[in-house]
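start-v6.tsv (TSV, C-alpha atoms) appears below.
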```tsv
chain	number	residue	atom	x	y	z
A	892	LEU	CA	-1.88	17.89	25.52
A	893	PHE	CA	-3.43	20.68	23.46
A	894	LEU	CA	-6.59	20.64	25.59
A	895	GLY	CA	-4.54	20.50	28.80
A	896	THR	CA	-2.52	23.50	27.72
A	897	ASN	CA	-5.64	25.45	26.81
A	898	TRP	CA	-7.49	24.52	29.99
A	899	THR	CA	-4.45	25.41	32.08
A	900	THR	CA	-4.12	28.80	30.36
A	901	ILE	CA	-7.84	29.52	30.76
A	902	PHE	CA	-7.82	28.35	34.41
A	903	LEU	CA	-4.83	30.55	35.27
A	904	GLY	CA	-6.38	33.52	33.42
A	905	ILE	CA	-9.70	33.20	35.28
A	906	GLU	CA	-7.95	32.60	38.59
A	907	GLU	CA	-5.76	35.67	38.09
A	908	ARG	CA	-8.66	37.95	37.17
A	909	SER	CA	-11.44	36.86	39.48
A	910	GLY	CA	-10.42	34.11	41.86
A	911	ILE	CA	-10.36	30.33	42.11
A	912	ASP	CA	-14.10	29.90	42.69
A	913	ASP	CA	-14.92	31.43	39.29
A	914	ALA	CA	-12.42	29.10	37.57
A	915	ASP	CA	-14.05	26.13	39.28
A	916	ALA	CA	-17.51	27.32	38.14
A	917	VAL	CA	-16.40	27.83	34.51
A	918	LEU	CA	-14.15	24.81	33.95
A	919	GLY	CA	-15.25	22.40	36.66
A	920	PHE	CA	-11.72	22.09	38.04
A	921	GLY	CA	-10.97	23.28	41.54
A	922	SER	CA	-7.22	23.46	41.07
A	923	LEU	CA	-4.50	23.36	38.49
A	924	ASN	CA	-3.43	19.93	39.76
A	925	ALA	CA	-6.86	18.52	38.82
A	926	ILE	CA	-6.34	19.64	35.21
A	927	VAL	CA	-2.85	18.14	35.10
A	928	ASP	CA	-4.08	14.87	36.63
A	929	MET	CA	-6.92	14.70	34.10
A	930	MET	CA	-4.51	15.23	31.19
A	931	ILE	CA	-2.09	12.60	32.49
A	932	GLY	CA	-5.03	10.18	32.73
A	933	LEU	CA	-6.19	10.97	29.19
A	934	VAL	CA	-2.68	10.55	27.79
A	935	ALA	CA	-2.40	7.20	29.60
A	936	VAL	CA	-5.72	6.04	28.09
A	937	VAL	CA	-4.59	7.09	24.61
A	938	LEU	CA	-1.31	5.18	25.09
A	939	VAL	CA	-3.23	2.07	26.13
A	940	PHE	CA	-5.45	2.31	23.03
A	941	PHE	CA	-2.40	2.88	20.82
A	942	SER	CA	-0.61	-0.10	22.36
A	943	ILE	CA	-3.62	-2.35	21.83
A	944	GLY	CA	-3.88	-1.16	18.22
A	945	ALA	CA	-0.17	-1.80	17.65
A	946	VAL	CA	-0.46	-5.35	19.01
A	947	VAL	CA	-3.54	-6.07	16.88
A	948	ALA	CA	-1.80	-4.66	13.77
A	949	ALA	CA	1.35	-6.70	14.45
A	950	ARG	CA	-0.69	-9.89	14.81
A	951	ARG	CA	-2.58	-9.14	11.61
A	952	VAL	CA	0.66	-8.58	9.69
A	953	ALA	CA	2.12	-11.78	11.13
A	954	LYS	CA	-0.90	-13.73	9.84
A	955	VAL	CA	-0.58	-12.43	6.26
A	956	PRO	CA	0.34	-15.49	4.22
A	957	THR	CA	3.56	-15.37	2.27
A	958	ILE	CA	5.17	-17.93	0.04
A	959	ARG	CA	8.05	-19.59	1.91
A	960	LEU	CA	10.52	-22.30	1.04
A	961	ALA	CA	9.84	-25.58	2.84
A	962	SER	CA	13.55	-26.10	3.53
A	963	THR	CA	14.35	-22.74	5.15
A	964	LYS	CA	10.90	-21.35	6.06
A	965	GLN	CA	12.08	-18.09	4.46
A	966	PRO	CA	10.63	-16.26	1.44
A	967	PRO	CA	12.41	-17.24	-1.76
A	968	GLU	CA	15.08	-14.94	-3.12
A	969	LEU	CA	13.74	-13.82	-6.46
A	970	SER	CA	16.40	-13.54	-9.11
A	971	ILE	CA	16.03	-11.29	-12.08
A	972	GLY	CA	18.06	-11.36	-15.27
A	973	THR	CA	20.56	-8.70	-16.14
A	974	ASP	CA	19.12	-5.67	-17.91
A	975	LEU	CA	15.66	-6.59	-16.57
A	976	THR	CA	13.60	-4.32	-14.35
A	977	TRP	CA	10.51	-6.39	-13.57
A	978	HIS	CA	9.88	-10.01	-12.69
A	979	LEU	CA	6.39	-9.86	-14.21
A	980	PHE	CA	4.61	-7.74	-16.80
A	981	LEU	CA	0.81	-7.64	-16.52
A	982	SER	CA	-0.80	-7.32	-19.94
A	983	HIS	CA	-4.51	-6.48	-19.97
A	984	ILE	CA	-7.16	-4.39	-21.64
A	985	TRP	CA	-7.99	-1.34	-19.56
A	986	SER	CA	-11.76	-1.49	-19.99
A	987	THR	CA	-12.32	-5.02	-18.68
A	988	GLY	CA	-9.12	-6.07	-16.93
A	989	GLN	CA	-7.76	-3.10	-14.99
A	990	ASP	CA	-9.31	-3.94	-11.60
A	991	ALA	CA	-8.52	-7.64	-11.82
A	992	VAL	CA	-4.83	-7.18	-12.67
A	993	GLY	CA	-4.58	-4.57	-9.91
A	994	ASN	CA	-5.80	-7.27	-7.52
A	995	ILE	CA	-3.37	-9.80	-9.00
A	996	LYS	CA	-0.49	-7.37	-8.43
A	997	SER	CA	-1.58	-6.62	-4.85
A	998	GLU	CA	-1.98	-10.29	-3.95
A	999	LEU	CA	1.34	-11.30	-5.50
A	1000	GLN	CA	3.12	-8.51	-3.63
A	1001	LEU	CA	1.59	-9.76	-0.37
A	1002	LEU	CA	2.71	-13.33	-1.09
A	1003	LEU	CA	6.12	-12.35	-2.48
A	1004	PRO	CA	7.09	-8.96	-0.99
A	1005	ASP	CA	10.26	-8.61	-3.11
A	1006	ILE	CA	8.58	-9.15	-6.49
A	1007	LYS	CA	8.76	-6.34	-9.03
A	1008	ILE	CA	5.66	-6.17	-11.21
A	1009	PHE	CA	4.98	-3.89	-14.17
A	1010	LEU	CA	1.45	-2.52	-14.23
A	1011	ASP	CA	0.64	0.31	-16.62
A	1012	VAL	CA	-1.17	2.51	-14.09
A	1013	ASP	CA	1.91	2.42	-11.86
A	1014	ASP	CA	4.82	2.19	-14.29
A	1015	LEU	CA	3.81	3.26	-17.82
A	1016	ASN	CA	5.49	6.49	-18.89
A	1017	ASP	CA	5.22	6.12	-22.67
A	1018	ILE	CA	2.61	3.99	-24.47
A	1019	GLY	CA	4.95	3.95	-27.47
A	1020	ALA	CA	7.54	2.03	-25.46
A	1021	LEU	CA	5.45	-1.10	-24.78
A	1022	GLU	CA	8.02	-3.29	-26.53
A	1023	ASP	CA	10.77	-1.87	-24.30
A	1024	TYR	CA	8.73	-2.63	-21.17
A	1025	ILE	CA	8.24	-6.19	-22.42
A	1026	GLN	CA	11.97	-6.49	-23.08
A	1027	ARG	CA	12.76	-5.33	-19.53
A	1028	SER	CA	10.36	-7.91	-18.00
A	1029	GLN	CA	11.24	-11.50	-17.15
A	1030	VAL	CA	7.77	-13.11	-17.54
A	1031	ILE	CA	4.64	-11.82	-19.29
A	1032	LEU	CA	1.15	-12.47	-17.91
A	1033	PHE	CA	-1.72	-12.02	-20.36
A	1034	PHE	CA	-5.03	-11.35	-18.63
A	1035	LEU	CA	-7.53	-12.49	-21.25
A	1036	SER	CA	-10.74	-10.58	-20.59
A	1037	ARG	CA	-13.48	-9.45	-22.98
A	1038	GLY	CA	-12.05	-7.40	-25.82
A	1039	TYR	CA	-8.40	-8.30	-25.14
A	1040	PHE	CA	-7.67	-9.47	-28.68
A	1041	ARG	CA	-9.33	-6.38	-30.18
A	1042	SER	CA	-6.89	-4.02	-28.45
A	1043	GLN	CA	-4.01	-2.88	-30.64
A	1044	ASN	CA	-1.78	-2.34	-27.60
A	1045	CYS	CA	-2.51	-5.84	-26.29
A	1046	LEU	CA	-1.69	-7.28	-29.71
A	1047	ARG	CA	1.60	-5.33	-29.67
A	1048	GLU	CA	2.41	-6.84	-26.28
A	1049	ILE	CA	1.64	-10.37	-27.55
A	1050	ARG	CA	3.72	-9.86	-30.71
A	1051	SER	CA	6.66	-8.43	-28.76
A	1052	SER	CA	6.54	-11.24	-26.19
A	1053	LEU	CA	6.58	-13.90	-28.91
A	1054	GLU	CA	9.36	-12.18	-30.85
A	1055	GLN	CA	11.49	-11.99	-27.71
A	1056	SER	CA	10.62	-15.57	-26.65
A	1057	LYS	CA	9.45	-14.42	-23.23
A	1058	PRO	CA	7.87	-16.96	-20.86
A	1059	ILE	CA	4.10	-16.44	-20.95
A	1060	VAL	CA	1.35	-16.99	-18.38
A	1061	LEU	CA	-2.26	-16.95	-19.54
A	1062	VAL	CA	-5.06	-15.99	-17.14
A	1063	GLN	CA	-8.69	-15.96	-18.23
```

Now that the file is in, can you turn its structure into structure tokens?
Amino acid sequence: LFLGTNWTTIFLGIEERSGIDDADAVLGFGSLNAIVDMMIGLVAVVLVFFSIGAVVAARRVAKVPTIRLASTKQPPELSIGTDLTWHLFLSHIWSTGQDAVGNIKSELQLLLPDIKIFLDVDDLNDIGALEDYIQRSQVILFFLSRGYFRSQNCLREIRSSLEQSKPIVLVQ
């Protein structure tokens, strides 16, 4: 539409100043209708490409696997305890576990779209409040990578989880 507007303005300007033959020589269009027809054709082609892309994207989204209940074929309704913010807290050491737990979070959110997961890079506001984040999480996942047990923050998360009797998942 931008090009059509510009070409139309240029065509009319050339036609007004020097005649239609000069406009044809400069732009390659013999009339204003040719420009309009060309733009309608281009817009139609863009709409076709957009429609094809939308169909392909919709099919791709439909094929994304999700966890569903066998009885209802619907995703499970995830319950969360009162005073809790997250279903899952991902505990890891930044140096060796950051990328892996980011992938775990992404994959779980694809499989269970309604799940709320705590991951420090997304949710941590205060490193001093790790125990509070643990308290506000339903389940704690410990990603045991190299150096995990040498991290003071990871040890705080373990201690807090045990003190609060949180359900624990270990991933190595």

Need the shell around range 1002-1016 of chain A: protein/DNA/RNA residues with any atom at most 7 Å away, counting all atoms listed in the file. Skip same-chain ones fewer than 4 positions apart. Format as a list of chain:residue names?
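Listing them by chain and then by number gives A:Pro956, A:Thr957, A:Ile958, A:Leu969, A:Trp977, A:His978, A:Leu979, A:Phe980, A:Leu981, A:Lys996, A:Glu998.
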
Go ahead and compute the interatomic distance for CA of Val1060 in chain A and CA of Pro966 in chain A, in Å to one decimal.
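These two atoms are separated by 21.9 Å.
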
So that I can check the surroundings of range 1026-1042 of chain A, please list as a PyMOL selection string every protein, DNA and RNA residue that reaches within 9 Å of it, counting only C-alpha atoms and ignoring chain neighbours fewer than 6 positions away.
chain A and resi 971-972+974-988+991-992+1008-1009+1048-1049+1051-1052+1055+1057-1063

To one decimal place, how far is CA of Met930 in chain A from CA of Ala914 in chain A in Å?
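So the two atoms, CA of Met930 in chain A and CA of Ala914 in chain A, lie 17.2 Å apart.
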
Shortest interatomic distance to Gln1000 in chain A - which of A:Ile1025, A:Val955, A:Ala1020, A:Met929, counting only C-alpha atoms
A:Val955

Calculate how many Å separate CA of Leu1021 in chain A from CA of Asn1044 in chain A, rounding to one decimal.
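CA of Asn1044 in chain A lies 7.9 Å from CA of Leu1021 in chain A.
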
The centre and edge lengths of an axis-aligned box containing all atoms of range 960-977 of chain A present in the file, extended by 3 Å on each side, are to be given in Å to one decimal, as JSON.
```
{"center_x": 15.2, "center_y": -15.2, "center_z": -5.9, "size_x": 16.7, "size_y": 27.8, "size_z": 30.0}
```

Considering only C-alpha atoms, state which residue in the set A:Trp898, A:Val947, A:Ser909, A:Tyr1024 is at the smallest distance from Ala925 in chain A.
A:Trp898

With a distance cut-off of 12 Å and only C-alpha atoms, select the neighbouring residues of Asn897 in chain A, excluding the residue or stretch itself and same-chain residues fewer than 6 positions from it, and output the selection as number ranges by chain.
A: 903-904, 918, 923, 926-927, 930

Would you put the residues from that selection into a file with C-alpha atoms, as a compact mmCIF listing (two decimals), keeping the file's coordinate frame?
```txt
# COMPACT_ATOMS: atom_id res chain seq x y z
CA LEU A 903 -4.83 30.55 35.27
CA GLY A 904 -6.38 33.52 33.42
CA LEU A 918 -14.15 24.81 33.95
CA LEU A 923 -4.50 23.36 38.49
CA ILE A 926 -6.34 19.64 35.21
CA VAL A 927 -2.85 18.14 35.10
CA MET A 930 -4.51 15.23 31.19
```

Counting all atoms listed in the file, the residue of A:Lys964, A:Leu1053, A:Gln989, A:Ile931 that sits nearest Leu894 in chain A
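Among A:Lys964, A:Leu1053, A:Gln989, A:Ile931, it is A:Ile931 that comes nearest to Leu894 in chain A.
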
Find the residue from A:Ala953, A:Ile901, A:Val934, A:Leu1046 that sits nearest to Leu1001 in chain A; use all atoms listed in the file when measuring.
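When distances to Leu1001 in chain A are compared using all atoms listed in the file, the smallest one comes from A:Ala953.
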
I'd like to know which of A:Gly993, A:Glu1054, A:Leu999, A:Leu892 is closest to Ala935 in chain A, using only C-alpha atoms.
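Using only C-alpha atoms, the shortest distance to Ala935 in chain A belongs to A:Leu892.
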
Rebuild range 1022-1034 of chain A to N, CA, C and O atoms - output it as a PDB file, keeping the file's coordinate frame, please.
```pdb
ATOM      1  N   GLU A1022       7.052  -2.240 -26.207  1.00  0.00           N
ATOM      2  CA  GLU A1022       8.020  -3.290 -26.530  1.00  0.00           C
ATOM      3  C   GLU A1022       9.237  -3.231 -25.609  1.00  0.00           C
ATOM      4  O   GLU A1022       9.768  -4.268 -25.205  1.00  0.00           O
ATOM      5  N   ASP A1023       9.653  -2.030 -25.227  1.00  0.00           N
ATOM      6  CA  ASP A1023      10.770  -1.870 -24.300  1.00  0.00           C
ATOM      7  C   ASP A1023      10.404  -2.394 -22.910  1.00  0.00           C
ATOM      8  O   ASP A1023      11.210  -3.049 -22.255  1.00  0.00           O
ATOM      9  N   TYR A1024       9.176  -2.118 -22.470  1.00  0.00           N
ATOM     10  CA  TYR A1024       8.730  -2.630 -21.170  1.00  0.00           C
ATOM     11  C   TYR A1024       8.686  -4.153 -21.173  1.00  0.00           C
ATOM     12  O   TYR A1024       9.053  -4.792 -20.188  1.00  0.00           O
ATOM     13  N   ILE A1025       8.245  -4.735 -22.284  1.00  0.00           N
ATOM     14  CA  ILE A1025       8.240  -6.190 -22.420  1.00  0.00           C
ATOM     15  C   ILE A1025       9.673  -6.721 -22.354  1.00  0.00           C
ATOM     16  O   ILE A1025       9.957  -7.693 -21.661  1.00  0.00           O
ATOM     17  N   GLN A1026      10.570  -6.058 -23.066  1.00  0.00           N
ATOM     18  CA  GLN A1026      11.970  -6.490 -23.080  1.00  0.00           C
ATOM     19  C   GLN A1026      12.583  -6.456 -21.681  1.00  0.00           C
ATOM     20  O   GLN A1026      13.387  -7.312 -21.337  1.00  0.00           O
ATOM     21  N   ARG A1027      12.192  -5.484 -20.877  1.00  0.00           N
ATOM     22  CA  ARG A1027      12.760  -5.330 -19.530  1.00  0.00           C
ATOM     23  C   ARG A1027      12.025  -6.156 -18.473  1.00  0.00           C
ATOM     24  O   ARG A1027      12.273  -6.010 -17.286  1.00  0.00           O
ATOM     25  N   SER A1028      11.111  -7.046 -18.917  1.00  0.00           N
ATOM     26  CA  SER A1028      10.360  -7.910 -18.000  1.00  0.00           C
ATOM     27  C   SER A1028      10.776  -9.359 -18.202  1.00  0.00           C
ATOM     28  O   SER A1028      11.061  -9.798 -19.309  1.00  0.00           O
ATOM     29  N   GLN A1029      10.787 -10.108 -17.110  1.00  0.00           N
ATOM     30  CA  GLN A1029      11.240 -11.500 -17.150  1.00  0.00           C
ATOM     31  C   GLN A1029      10.137 -12.433 -17.654  1.00  0.00           C
ATOM     32  O   GLN A1029      10.396 -13.324 -18.458  1.00  0.00           O
ATOM     33  N   VAL A1030       8.903 -12.257 -17.168  1.00  0.00           N
ATOM     34  CA  VAL A1030       7.770 -13.110 -17.540  1.00  0.00           C
ATOM     35  C   VAL A1030       6.604 -12.191 -17.889  1.00  0.00           C
ATOM     36  O   VAL A1030       6.421 -11.146 -17.266  1.00  0.00           O
ATOM     37  N   ILE A1031       5.783 -12.619 -18.853  1.00  0.00           N
ATOM     38  CA  ILE A1031       4.640 -11.820 -19.290  1.00  0.00           C
ATOM     39  C   ILE A1031       3.361 -12.575 -18.931  1.00  0.00           C
ATOM     40  O   ILE A1031       3.209 -13.752 -19.275  1.00  0.00           O
ATOM     41  N   LEU A1032       2.450 -11.902 -18.228  1.00  0.00           N
ATOM     42  CA  LEU A1032       1.150 -12.470 -17.910  1.00  0.00           C
ATOM     43  C   LEU A1032       0.107 -11.771 -18.767  1.00  0.00           C
ATOM     44  O   LEU A1032      -0.006 -10.551 -18.731  1.00  0.00           O
ATOM     45  N   PHE A1033      -0.637 -12.557 -19.547  1.00  0.00           N
ATOM     46  CA  PHE A1033      -1.720 -12.020 -20.360  1.00  0.00           C
ATOM     47  C   PHE A1033      -3.030 -12.285 -19.639  1.00  0.00           C
ATOM     48  O   PHE A1033      -3.392 -13.445 -19.418  1.00  0.00           O
ATOM     49  N   PHE A1034      -3.720 -11.219 -19.262  1.00  0.00           N
ATOM     50  CA  PHE A1034      -5.030 -11.350 -18.630  1.00  0.00           C
ATOM     51  C   PHE A1034      -6.071 -11.246 -19.732  1.00  0.00           C
ATOM     52  O   PHE A1034      -6.341 -10.171 -20.269  1.00  0.00           O
TER      53      PHE A1034
END
```
